[in-house]
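Enquirer: Could you have a look at this structure, given as structure tokens, before my questions?
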Amino acid sequence: MESLPHLGVGLGFRPPLRSSIFLHRDQIDFLEITSDHYIDASEKKLAELDLLREHFTLIPHSLDLSLGSAEGIDEAYLEKLATLVELIDPPWFSDHICFTRSGGIKIGHLAPLPFSNEALRVLIDNIARVKQRIATPLILENITYNIEFASSEMPETEFIRTLLEETDCGMLLDVTNLYINSRNLGFDWRQYVEELPLDRVVQLHFVGFRSTGGRLVDAHADPTADDVWQVFREVVSRCDVKGAILERDENFPDFTDIADEIAKARGIFDDGQMKRKAATSS
Ligand SMILES: [Fe+2]
């Protein structure tokens, strides 16, 4: 992970933000694109991709590799994703620790896996296939979940550590997802961070959350909350994160508010990295 470049703080590209992104180009260090939007895409979407590539470093973030599917990787999807990644030539690309297909049927959301040895084996085999086809470094994201499986055999952090070590992948740590899970399931996010293989954390996601019926939800529709900033601050002061993406999907405010959030993250990011360097050199 050490050789990966530092990209700074950027934004998840969403079409309604297109013109504002270009107007505020100098305030956005890089963009994350949803790979699936450029697979089997129209000429118009591909032209958009060309324009984005001309002006920004792009990180492809896919939704449907379904790395946890017991039936294996969908070869047609993998081929299309490989073509996209080759075209963009990014420093890394990402997907999630989950499954989105079962028995060949798309289930339409990121479904959690039990933290079991069997699920680990499936993930490791599927990731080996992806890595065989795509040489670009793959990083894996933690998702939110509302259920804990009776079949889990280890804590999530041990599951992730083993997965990343066995596959030699990096981590996309979504600090909002981590905070939401810690609140909904009642665990200590600091302890979770402590147990993570921090040397493998490459990128962060951050955004706000919704509170409905006493539970927190990853709606991606609100400004980053103070509690999430706290997790962000802790992580960037403890490891050499290469980039962070504001992952806002809807309920867009004035773009200056988004630019302010990116600037705030950059400030915390730079401060954390300075503290980390000072601590390691003393
Ligand atoms: Fe995320």
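Naming scheme: A, B, ... for chains in displayed order of the structure tokens; residues 1 onward per chain; ligands 1 onward as shown.
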Residues within 12 Å of Arg121 (chain A), please, as a list of chain:residue names. Count only C-alpha atoms; anything in the same chain fewer than 4 positions from it doesn't count.

Expert: A:Leu67, A:Gly68, A:Ser69, A:Ala70, A:Gly72, A:Leu113, A:Pro114, A:Phe115, A:Ser116, A:Asn117, A:Asp125, A:Asn126, A:Ile127, A:Ala128, A:Phe159, A:Thr162, A:Leu163, A:Glu166, A:Thr167

Enquirer: List as a list of chain:residue names the protein and nucleic acid residues near Asp222 (chain A), meaning an atom at most 12 Å away when only C-alpha atoms are counted, but skip any in the same chain fewer than 3 places from it.

Expert: A:Thr176, A:Phe206, A:Val207, A:Gly208, A:Phe209, A:Arg210, A:Ser211, A:Val217, A:Asp218, A:Ala219, A:Ala225, A:Asp226, A:Val228, A:Leu246, A:Glu247, A:Arg248, A:Asp249, A:Glu250, A:Asn251, A:Phe252, A:Pro253, A:Asp257, A:Ile258, A:Glu261

Enquirer: Could you save the residues just selected, with N, CA and C atoms, as a PDB file, in the first residue's frame?

Expert:
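Final file, result-v1.pdb:
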```
ATOM      1  N   THR A 176     -18.247   6.709   8.091  1.00  0.00           N
ATOM      2  CA  THR A 176     -19.676   6.888   8.412  1.00  0.00           C
ATOM      3  C   THR A 176     -20.317   5.526   8.657  1.00  0.00           C
ATOM      4  N   PHE A 206     -16.619   9.475   3.664  1.00  0.00           N
ATOM      5  CA  PHE A 206     -17.283  10.167   4.773  1.00  0.00           C
ATOM      6  C   PHE A 206     -18.474  10.944   4.238  1.00  0.00           C
ATOM      7  N   VAL A 207     -19.513  11.077   5.074  1.00  0.00           N
ATOM      8  CA  VAL A 207     -20.726  11.828   4.770  1.00  0.00           C
ATOM      9  C   VAL A 207     -21.554  11.824   6.052  1.00  0.00           C
ATOM     10  N   GLY A 208     -22.715  12.455   6.039  1.00  0.00           N
ATOM     11  CA  GLY A 208     -23.570  12.421   7.228  1.00  0.00           C
ATOM     12  C   GLY A 208     -24.424  11.163   7.268  1.00  0.00           C
ATOM     13  N   PHE A 209     -25.373  11.137   8.208  1.00  0.00           N
ATOM     14  CA  PHE A 209     -26.288   9.991   8.311  1.00  0.00           C
ATOM     15  C   PHE A 209     -27.664  10.496   8.718  1.00  0.00           C
ATOM     16  N   ARG A 210     -28.658   9.651   8.585  1.00  0.00           N
ATOM     17  CA  ARG A 210     -30.028   9.956   9.025  1.00  0.00           C
ATOM     18  C   ARG A 210     -30.325   9.157  10.276  1.00  0.00           C
ATOM     19  N   SER A 211     -31.220   9.688  11.112  1.00  0.00           N
ATOM     20  CA  SER A 211     -31.655   8.935  12.275  1.00  0.00           C
ATOM     21  C   SER A 211     -33.145   8.681  12.117  1.00  0.00           C
ATOM     22  N   VAL A 217     -29.036   5.595   9.732  1.00  0.00           N
ATOM     23  CA  VAL A 217     -29.110   5.047   8.369  1.00  0.00           C
ATOM     24  C   VAL A 217     -28.114   5.778   7.478  1.00  0.00           C
ATOM     25  N   ASP A 218     -27.456   5.026   6.596  1.00  0.00           N
ATOM     26  CA  ASP A 218     -26.467   5.634   5.687  1.00  0.00           C
ATOM     27  C   ASP A 218     -27.166   6.191   4.447  1.00  0.00           C
ATOM     28  N   ALA A 219     -27.879   7.302   4.651  1.00  0.00           N
ATOM     29  CA  ALA A 219     -28.681   7.886   3.565  1.00  0.00           C
ATOM     30  C   ALA A 219     -27.834   8.685   2.570  1.00  0.00           C
ATOM     31  N   ALA A 225     -21.557  14.698  10.179  1.00  0.00           N
ATOM     32  CA  ALA A 225     -21.842  15.043  11.577  1.00  0.00           C
ATOM     33  C   ALA A 225     -20.549  15.085  12.395  1.00  0.00           C
ATOM     34  N   ASP A 226     -20.597  15.832  13.518  1.00  0.00           N
ATOM     35  CA  ASP A 226     -19.404  15.950  14.376  1.00  0.00           C
ATOM     36  C   ASP A 226     -18.856  14.584  14.793  1.00  0.00           C
ATOM     37  N   VAL A 228     -18.910  11.834  13.204  1.00  0.00           N
ATOM     38  CA  VAL A 228     -18.181  11.211  12.087  1.00  0.00           C
ATOM     39  C   VAL A 228     -16.834  11.904  11.890  1.00  0.00           C
ATOM     40  N   LEU A 246     -15.821  12.492  -0.110  1.00  0.00           N
ATOM     41  CA  LEU A 246     -17.144  12.853   0.411  1.00  0.00           C
ATOM     42  C   LEU A 246     -18.181  12.145  -0.465  1.00  0.00           C
ATOM     43  N   GLU A 247     -18.993  11.318   0.192  1.00  0.00           N
ATOM     44  CA  GLU A 247     -19.881  10.419  -0.566  1.00  0.00           C
ATOM     45  C   GLU A 247     -21.339  10.872  -0.430  1.00  0.00           C
ATOM     46  N   ARG A 248     -21.609  12.033  -1.017  1.00  0.00           N
ATOM     47  CA  ARG A 248     -22.965  12.604  -0.925  1.00  0.00           C
ATOM     48  C   ARG A 248     -23.755  12.197  -2.169  1.00  0.00           C
ATOM     49  N   ASP A 249     -24.923  11.577  -1.964  1.00  0.00           N
ATOM     50  CA  ASP A 249     -25.686  11.057  -3.101  1.00  0.00           C
ATOM     51  C   ASP A 249     -26.923  11.876  -3.435  1.00  0.00           C
ATOM     52  N   GLU A 250     -27.475  12.568  -2.471  1.00  0.00           N
ATOM     53  CA  GLU A 250     -28.727  13.295  -2.739  1.00  0.00           C
ATOM     54  C   GLU A 250     -28.929  14.415  -1.725  1.00  0.00           C
ATOM     55  N   ASN A 251     -30.079  15.121  -1.903  1.00  0.00           N
ATOM     56  CA  ASN A 251     -30.385  16.262  -1.041  1.00  0.00           C
ATOM     57  C   ASN A 251     -29.218  17.263  -1.063  1.00  0.00           C
ATOM     58  N   PHE A 252     -28.771  17.570  -2.299  1.00  0.00           N
ATOM     59  CA  PHE A 252     -27.566  18.380  -2.438  1.00  0.00           C
ATOM     60  C   PHE A 252     -27.787  19.820  -1.961  1.00  0.00           C
ATOM     61  N   PRO A 253     -26.871  20.314  -1.134  1.00  0.00           N
ATOM     62  CA  PRO A 253     -26.937  21.718  -0.724  1.00  0.00           C
ATOM     63  C   PRO A 253     -26.271  22.582  -1.786  1.00  0.00           C
ATOM     64  N   ASP A 257     -21.271  24.651   0.215  1.00  0.00           N
ATOM     65  CA  ASP A 257     -21.292  23.825   1.439  1.00  0.00           C
ATOM     66  C   ASP A 257     -20.498  22.528   1.230  1.00  0.00           C
ATOM     67  N   ILE A 258     -20.634  21.958   0.034  1.00  0.00           N
ATOM     68  CA  ILE A 258     -19.875  20.734  -0.274  1.00  0.00           C
ATOM     69  C   ILE A 258     -18.379  21.051  -0.319  1.00  0.00           C
ATOM     70  N   GLU A 261     -17.048  21.380   3.106  1.00  0.00           N
ATOM     71  CA  GLU A 261     -16.839  20.077   3.775  1.00  0.00           C
ATOM     72  C   GLU A 261     -15.546  19.413   3.307  1.00  0.00           C
TER      73      GLU A 261
END
```

Enquirer: Could you go through region 115-228 of chain A and tell me which residues DSSP, when run on the backbone, assigns to strand (DSSP E), listing them as a list in words?

Expert: Leu138, Ile139, Leu140, Glu141, Gly170, Met171, Leu172, Leu173, Asp174, Val201, Val202, Gln203, Leu204, His205, Phe206, Arg210, Ser211, Thr212, Arg215, Leu216 and Val217 of chain A

Enquirer: May I have the selected residues written with C-alpha atoms, as a tab-separated table (two decimals), in the first residue's frame?

Expert:
```tsv
chain	number	residue	atom	x	y	z
A	138	LEU	CA	-8.18	-3.48	-5.28
A	139	ILE	CA	-9.41	-1.96	-2.03
A	140	LEU	CA	-12.41	-3.25	-0.07
A	141	GLU	CA	-15.09	-1.25	1.73
A	170	GLY	CA	-6.15	-2.46	0.80
A	171	MET	CA	-9.13	-1.11	2.70
A	172	LEU	CA	-11.62	1.59	1.85
A	173	LEU	CA	-12.71	2.50	5.35
A	174	ASP	CA	-16.10	4.19	5.32
A	201	VAL	CA	-6.25	1.56	4.97
A	202	VAL	CA	-5.85	3.34	1.62
A	203	GLN	CA	-8.97	5.47	1.29
A	204	LEU	CA	-11.85	6.82	3.38
A	205	HIS	CA	-15.49	7.59	2.66
A	206	PHE	CA	-17.28	10.17	4.77
A	210	ARG	CA	-30.03	9.96	9.02
A	211	SER	CA	-31.66	8.94	12.28
A	212	THR	CA	-34.95	7.09	11.87
A	215	ARG	CA	-31.52	3.78	14.25
A	216	LEU	CA	-28.91	5.49	12.14
A	217	VAL	CA	-29.11	5.05	8.37
```

Enquirer: Excluding Arg190 (chain A) and any residue of its chain fewer than 4 positions from it, enumerate the residues within 9 Å of it, using only C-alpha atoms, and give them as a PyMOL selection string.

Expert: chain A and resi 194-195+231+234

Enquirer: Write to file, as a PDB file, in the first residue's frame, the residues of the selection just made, with N, CA and C atoms.

Expert:
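Produced file selection08.pdb, reproduced below:
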```
ATOM      1  N   GLU A 194      -8.764   0.491  16.550  1.00  0.00           N
ATOM      2  CA  GLU A 194      -7.568  -0.095  17.181  1.00  0.00           C
ATOM      3  C   GLU A 194      -7.245  -1.475  16.588  1.00  0.00           C
ATOM      4  N   GLU A 195      -8.292  -2.239  16.315  1.00  0.00           N
ATOM      5  CA  GLU A 195      -8.101  -3.630  15.870  1.00  0.00           C
ATOM      6  C   GLU A 195      -7.907  -3.769  14.361  1.00  0.00           C
ATOM      7  N   VAL A 231     -14.345  10.321  14.133  1.00  0.00           N
ATOM      8  CA  VAL A 231     -13.780   9.050  13.635  1.00  0.00           C
ATOM      9  C   VAL A 231     -12.749   9.347  12.542  1.00  0.00           C
ATOM     10  N   GLU A 234      -9.539  10.608  14.048  1.00  0.00           N
ATOM     11  CA  GLU A 234      -8.795   9.530  14.704  1.00  0.00           C
ATOM     12  C   GLU A 234      -8.041   8.681  13.664  1.00  0.00           C
TER      13      GLU A 234
END
```

Enquirer: Quick one: everything within 8 Å of region 17-20 of chain A, counting only C-alpha atoms, minus sequence neighbours fewer than 4 positions away in the same chain. Send it as number ranges by chain.

Expert: A: 13, 24, 255

Enquirer: Next, the residues of the selection above should be written as a tab-separated table (two decimals), in the first residue's frame with N, CA and C atoms.

Expert:
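Just written: result.tsv:
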```tsv
chain	number	residue	atom	x	y	z
A	13	PHE	N	-18.47	11.55	-7.75
A	13	PHE	CA	-19.11	12.25	-8.87
A	13	PHE	C	-20.58	11.84	-8.98
A	24	HIS	N	-15.68	24.44	-9.52
A	24	HIS	CA	-14.86	24.41	-8.29
A	24	HIS	C	-13.72	23.40	-8.42
A	255	PHE	N	-23.35	24.25	-3.61
A	255	PHE	CA	-22.05	23.57	-3.76
A	255	PHE	C	-20.98	24.15	-2.83
```

Enquirer: Set the distance at 12 Å and use only C-alpha atoms: which residues neighbour region 2-6 of chain A once local chain neighbours fewer than 5 positions away are removed? I'd like the list as a VMD selection string.

Expert: chain A and resid 29 to 30 57 90 to 93 136 to 139 170 198 to 203 239 to 244 269 to 270 273

Enquirer: Please write the residues from the selection above to a file, keeping N, CA and C atoms, as a PDB file, in the first residue's frame.

Expert:
```pdb
ATOM      1  N   ASP A  29      -9.622  17.450  -5.117  1.00  0.00           N
ATOM      2  CA  ASP A  29      -8.353  16.819  -5.480  1.00  0.00           C
ATOM      3  C   ASP A  29      -8.518  15.632  -6.434  1.00  0.00           C
ATOM      4  N   PHE A  30      -9.609  14.898  -6.277  1.00  0.00           N
ATOM      5  CA  PHE A  30      -9.875  13.766  -7.190  1.00  0.00           C
ATOM      6  C   PHE A  30     -11.348  13.396  -7.105  1.00  0.00           C
ATOM      7  N   THR A  57      -8.066  12.990 -11.531  1.00  0.00           N
ATOM      8  CA  THR A  57      -7.743  11.597 -11.258  1.00  0.00           C
ATOM      9  C   THR A  57      -9.059  10.935 -10.855  1.00  0.00           C
ATOM     10  N   PRO A  90      -6.450   3.876 -13.104  1.00  0.00           N
ATOM     11  CA  PRO A  90      -6.368   4.568 -11.803  1.00  0.00           C
ATOM     12  C   PRO A  90      -5.287   3.952 -10.911  1.00  0.00           C
ATOM     13  N   PRO A  91      -4.913   4.642  -9.824  1.00  0.00           N
ATOM     14  CA  PRO A  91      -3.949   4.034  -8.891  1.00  0.00           C
ATOM     15  C   PRO A  91      -4.553   2.858  -8.123  1.00  0.00           C
ATOM     16  N   TRP A  92      -5.879   2.854  -7.919  1.00  0.00           N
ATOM     17  CA  TRP A  92      -6.570   1.712  -7.301  1.00  0.00           C
ATOM     18  C   TRP A  92      -8.042   1.758  -7.694  1.00  0.00           C
ATOM     19  N   PHE A  93      -8.754   0.661  -7.436  1.00  0.00           N
ATOM     20  CA  PHE A  93     -10.206   0.656  -7.641  1.00  0.00           C
ATOM     21  C   PHE A  93     -10.831  -0.063  -6.455  1.00  0.00           C
ATOM     22  N   THR A 136      -4.573  -3.783 -11.348  1.00  0.00           N
ATOM     23  CA  THR A 136      -4.650  -2.568 -10.519  1.00  0.00           C
ATOM     24  C   THR A 136      -5.012  -2.940  -9.079  1.00  0.00           C
ATOM     25  N   PRO A 137      -4.392  -2.321  -8.076  1.00  0.00           N
ATOM     26  CA  PRO A 137      -4.725  -2.661  -6.676  1.00  0.00           C
ATOM     27  C   PRO A 137      -6.220  -2.486  -6.372  1.00  0.00           C
ATOM     28  N   LEU A 138      -6.763  -3.488  -5.666  1.00  0.00           N
ATOM     29  CA  LEU A 138      -8.175  -3.484  -5.285  1.00  0.00           C
ATOM     30  C   LEU A 138      -8.277  -3.152  -3.798  1.00  0.00           C
ATOM     31  N   ILE A 139      -9.179  -2.234  -3.446  1.00  0.00           N
ATOM     32  CA  ILE A 139      -9.407  -1.958  -2.026  1.00  0.00           C
ATOM     33  C   ILE A 139     -10.871  -2.250  -1.690  1.00  0.00           C
ATOM     34  N   GLY A 170      -6.043  -3.594  -0.110  1.00  0.00           N
ATOM     35  CA  GLY A 170      -6.154  -2.460   0.801  1.00  0.00           C
ATOM     36  C   GLY A 170      -7.581  -2.329   1.298  1.00  0.00           C
ATOM     37  N   LEU A 198      -4.340  -1.080  10.228  1.00  0.00           N
ATOM     38  CA  LEU A 198      -4.340   0.316   9.766  1.00  0.00           C
ATOM     39  C   LEU A 198      -3.360   0.562   8.616  1.00  0.00           C
ATOM     40  N   ASP A 199      -2.328  -0.275   8.545  1.00  0.00           N
ATOM     41  CA  ASP A 199      -1.372  -0.091   7.445  1.00  0.00           C
ATOM     42  C   ASP A 199      -1.990  -0.448   6.094  1.00  0.00           C
ATOM     43  N   ARG A 200      -3.173  -1.021   6.108  1.00  0.00           N
ATOM     44  CA  ARG A 200      -3.834  -1.368   4.842  1.00  0.00           C
ATOM     45  C   ARG A 200      -4.951  -0.399   4.461  1.00  0.00           C
ATOM     46  N   VAL A 201      -5.191   0.599   5.295  1.00  0.00           N
ATOM     47  CA  VAL A 201      -6.253   1.562   4.970  1.00  0.00           C
ATOM     48  C   VAL A 201      -5.718   2.545   3.921  1.00  0.00           C
ATOM     49  N   VAL A 202      -6.310   2.515   2.742  1.00  0.00           N
ATOM     50  CA  VAL A 202      -5.854   3.339   1.619  1.00  0.00           C
ATOM     51  C   VAL A 202      -6.729   4.576   1.460  1.00  0.00           C
ATOM     52  N   GLN A 203      -8.039   4.370   1.567  1.00  0.00           N
ATOM     53  CA  GLN A 203      -8.967   5.474   1.287  1.00  0.00           C
ATOM     54  C   GLN A 203     -10.089   5.494   2.316  1.00  0.00           C
ATOM     55  N   CYS A 239      -2.990   6.570  10.564  1.00  0.00           N
ATOM     56  CA  CYS A 239      -2.435   5.816   9.425  1.00  0.00           C
ATOM     57  C   CYS A 239      -2.286   6.686   8.188  1.00  0.00           C
ATOM     58  N   ASP A 240      -1.471   6.196   7.287  1.00  0.00           N
ATOM     59  CA  ASP A 240      -1.083   6.951   6.098  1.00  0.00           C
ATOM     60  C   ASP A 240      -2.151   6.792   5.003  1.00  0.00           C
ATOM     61  N   VAL A 241      -3.313   7.412   5.240  1.00  0.00           N
ATOM     62  CA  VAL A 241      -4.417   7.321   4.279  1.00  0.00           C
ATOM     63  C   VAL A 241      -4.027   8.083   3.009  1.00  0.00           C
ATOM     64  N   LYS A 242      -4.361   7.516   1.863  1.00  0.00           N
ATOM     65  CA  LYS A 242      -3.955   8.135   0.592  1.00  0.00           C
ATOM     66  C   LYS A 242      -5.008   9.078   0.017  1.00  0.00           C
ATOM     67  N   GLY A 243      -6.240   8.925   0.461  1.00  0.00           N
ATOM     68  CA  GLY A 243      -7.278   9.801  -0.082  1.00  0.00           C
ATOM     69  C   GLY A 243      -8.580   9.629   0.674  1.00  0.00           C
ATOM     70  N   ALA A 244      -9.448  10.651   0.600  1.00  0.00           N
ATOM     71  CA  ALA A 244     -10.764  10.564   1.239  1.00  0.00           C
ATOM     72  C   ALA A 244     -11.797  11.159   0.288  1.00  0.00           C
ATOM     73  N   PHE A 269      -7.273  16.190   7.601  1.00  0.00           N
ATOM     74  CA  PHE A 269      -6.411  15.201   6.958  1.00  0.00           C
ATOM     75  C   PHE A 269      -4.934  15.619   7.084  1.00  0.00           C
ATOM     76  N   ASP A 270      -4.670  16.865   6.686  1.00  0.00           N
ATOM     77  CA  ASP A 270      -3.286  17.355   6.719  1.00  0.00           C
ATOM     78  C   ASP A 270      -2.766  17.416   8.148  1.00  0.00           C
ATOM     79  N   GLN A 273      -2.030  13.882   9.384  1.00  0.00           N
ATOM     80  CA  GLN A 273      -0.824  13.320   8.781  1.00  0.00           C
ATOM     81  C   GLN A 273       0.425  13.953   9.414  1.00  0.00           C
TER      82      GLN A 273
END
```

Enquirer: Measuring between only C-alpha atoms, which one of A:Gly214, A:Pro15, A:Gly8, A:Pro223 shows the shortest distance to Gly267 (chain A)?

Expert: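 Comparing A:Gly214, A:Pro15, A:Gly8, A:Pro223 against Gly267 (chain A), the winner is A:Gly8.
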
Enquirer: Find the residue from A:Gln27, A:Ser66, A:Ser237, A:Thr144 that sits nearest to Cys98 (chain A); use only C-alpha atoms when measuring.

Expert: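 Ranking A:Gln27, A:Ser66, A:Ser237, A:Thr144 by distance to Cys98 (chain A), first place goes to A:Ser66.
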
Enquirer: Residues near region 80-85 of chain A, anyone? I mean within 8 Å using only C-alpha atoms, not counting same-chain ones fewer than 5 positions away, as a PyMOL selection string.

Expert: chain A and resi 35+38-40+60+90+93+133-134+136

Enquirer: Keeping N, CA and C atoms for every residue in the selection just given, could you write it to a file as a compact mmCIF listing (two decimals), in the first residue's frame?

Expert:
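For reference, out.txt as written:
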```
# COMPACT_ATOMS: atom_id res chain seq x y z
N SER A 35 -18.50 2.85 -11.03
CA SER A 35 -18.12 2.10 -12.24
C SER A 35 -19.34 1.65 -13.03
N TYR A 38 -20.83 3.43 -15.99
CA TYR A 38 -20.06 3.53 -17.25
C TYR A 38 -19.84 2.16 -17.87
N ILE A 39 -20.58 1.17 -17.37
CA ILE A 39 -20.55 -0.18 -17.95
C ILE A 39 -21.80 -0.30 -18.81
N ASP A 40 -21.65 -0.78 -20.03
CA ASP A 40 -22.78 -0.81 -21.00
C ASP A 40 -23.40 0.58 -21.11
N PRO A 60 -12.38 4.30 -9.82
CA PRO A 60 -13.61 3.55 -10.09
C PRO A 60 -14.07 2.77 -8.84
N PRO A 90 -6.45 3.88 -13.10
CA PRO A 90 -6.37 4.57 -11.80
C PRO A 90 -5.29 3.95 -10.91
N PHE A 93 -8.75 0.66 -7.44
CA PHE A 93 -10.21 0.66 -7.64
C PHE A 93 -10.83 -0.06 -6.45
N ARG A 133 -7.50 -11.07 -13.25
CA ARG A 133 -7.94 -10.34 -14.46
C ARG A 133 -7.55 -8.86 -14.42
N ILE A 134 -7.55 -8.26 -13.22
CA ILE A 134 -7.27 -6.81 -13.10
C ILE A 134 -6.05 -6.63 -12.19
N THR A 136 -4.57 -3.78 -11.35
CA THR A 136 -4.65 -2.57 -10.52
C THR A 136 -5.01 -2.94 -9.08
```

Enquirer: Would you mind telling me which residue in A:Ile28, A:Leu11, A:Leu196, A:Ile143 lies nearest to ligand 1 when using only C-alpha atoms and all ligand atoms?

Expert: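 Looking only at the distances to ligand 1, the closest residue turns out to be A:Ile143.
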
Enquirer: Can you pull out every residue from region 53-208 of chain A that DSSP, working from the backbone, puts in alpha helix (DSSP H), and format the result as a ChimeraX atom specification?

Expert: /A:53-55,75-88,117-133,156-167,175-185,189-195

Enquirer: What does the distance from CA of Glu32 (chain A) to CA of Leu65 (chain A) come to in Å, to one decimal?

Expert: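 CA of Leu65 (chain A) lies 16.7 Å from CA of Glu32 (chain A).
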
Enquirer: Calculated over only C-alpha atoms and all ligand atoms, which of the candidates A:Glu118, A:Asp188, A:Glu156, A:Asp95 has the smallest distance to ligand 1?

Expert: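 Looking only at the distances to ligand 1, the closest residue turns out to be A:Asp95.
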
Enquirer: Quick one, how far is CA of Asn177 (chain A) from CA of Pro16 (chain A)?

Expert: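 Distance between the two atoms: 23.9 Å.
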
Enquirer: Could you state the separation of CA of Ser62 (chain A) and CA of Tyr77 (chain A) in Å, given to one decimal place?

Expert: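 Separating CA of Ser62 (chain A) from CA of Tyr77 (chain A) is a distance of 10.4 Å.
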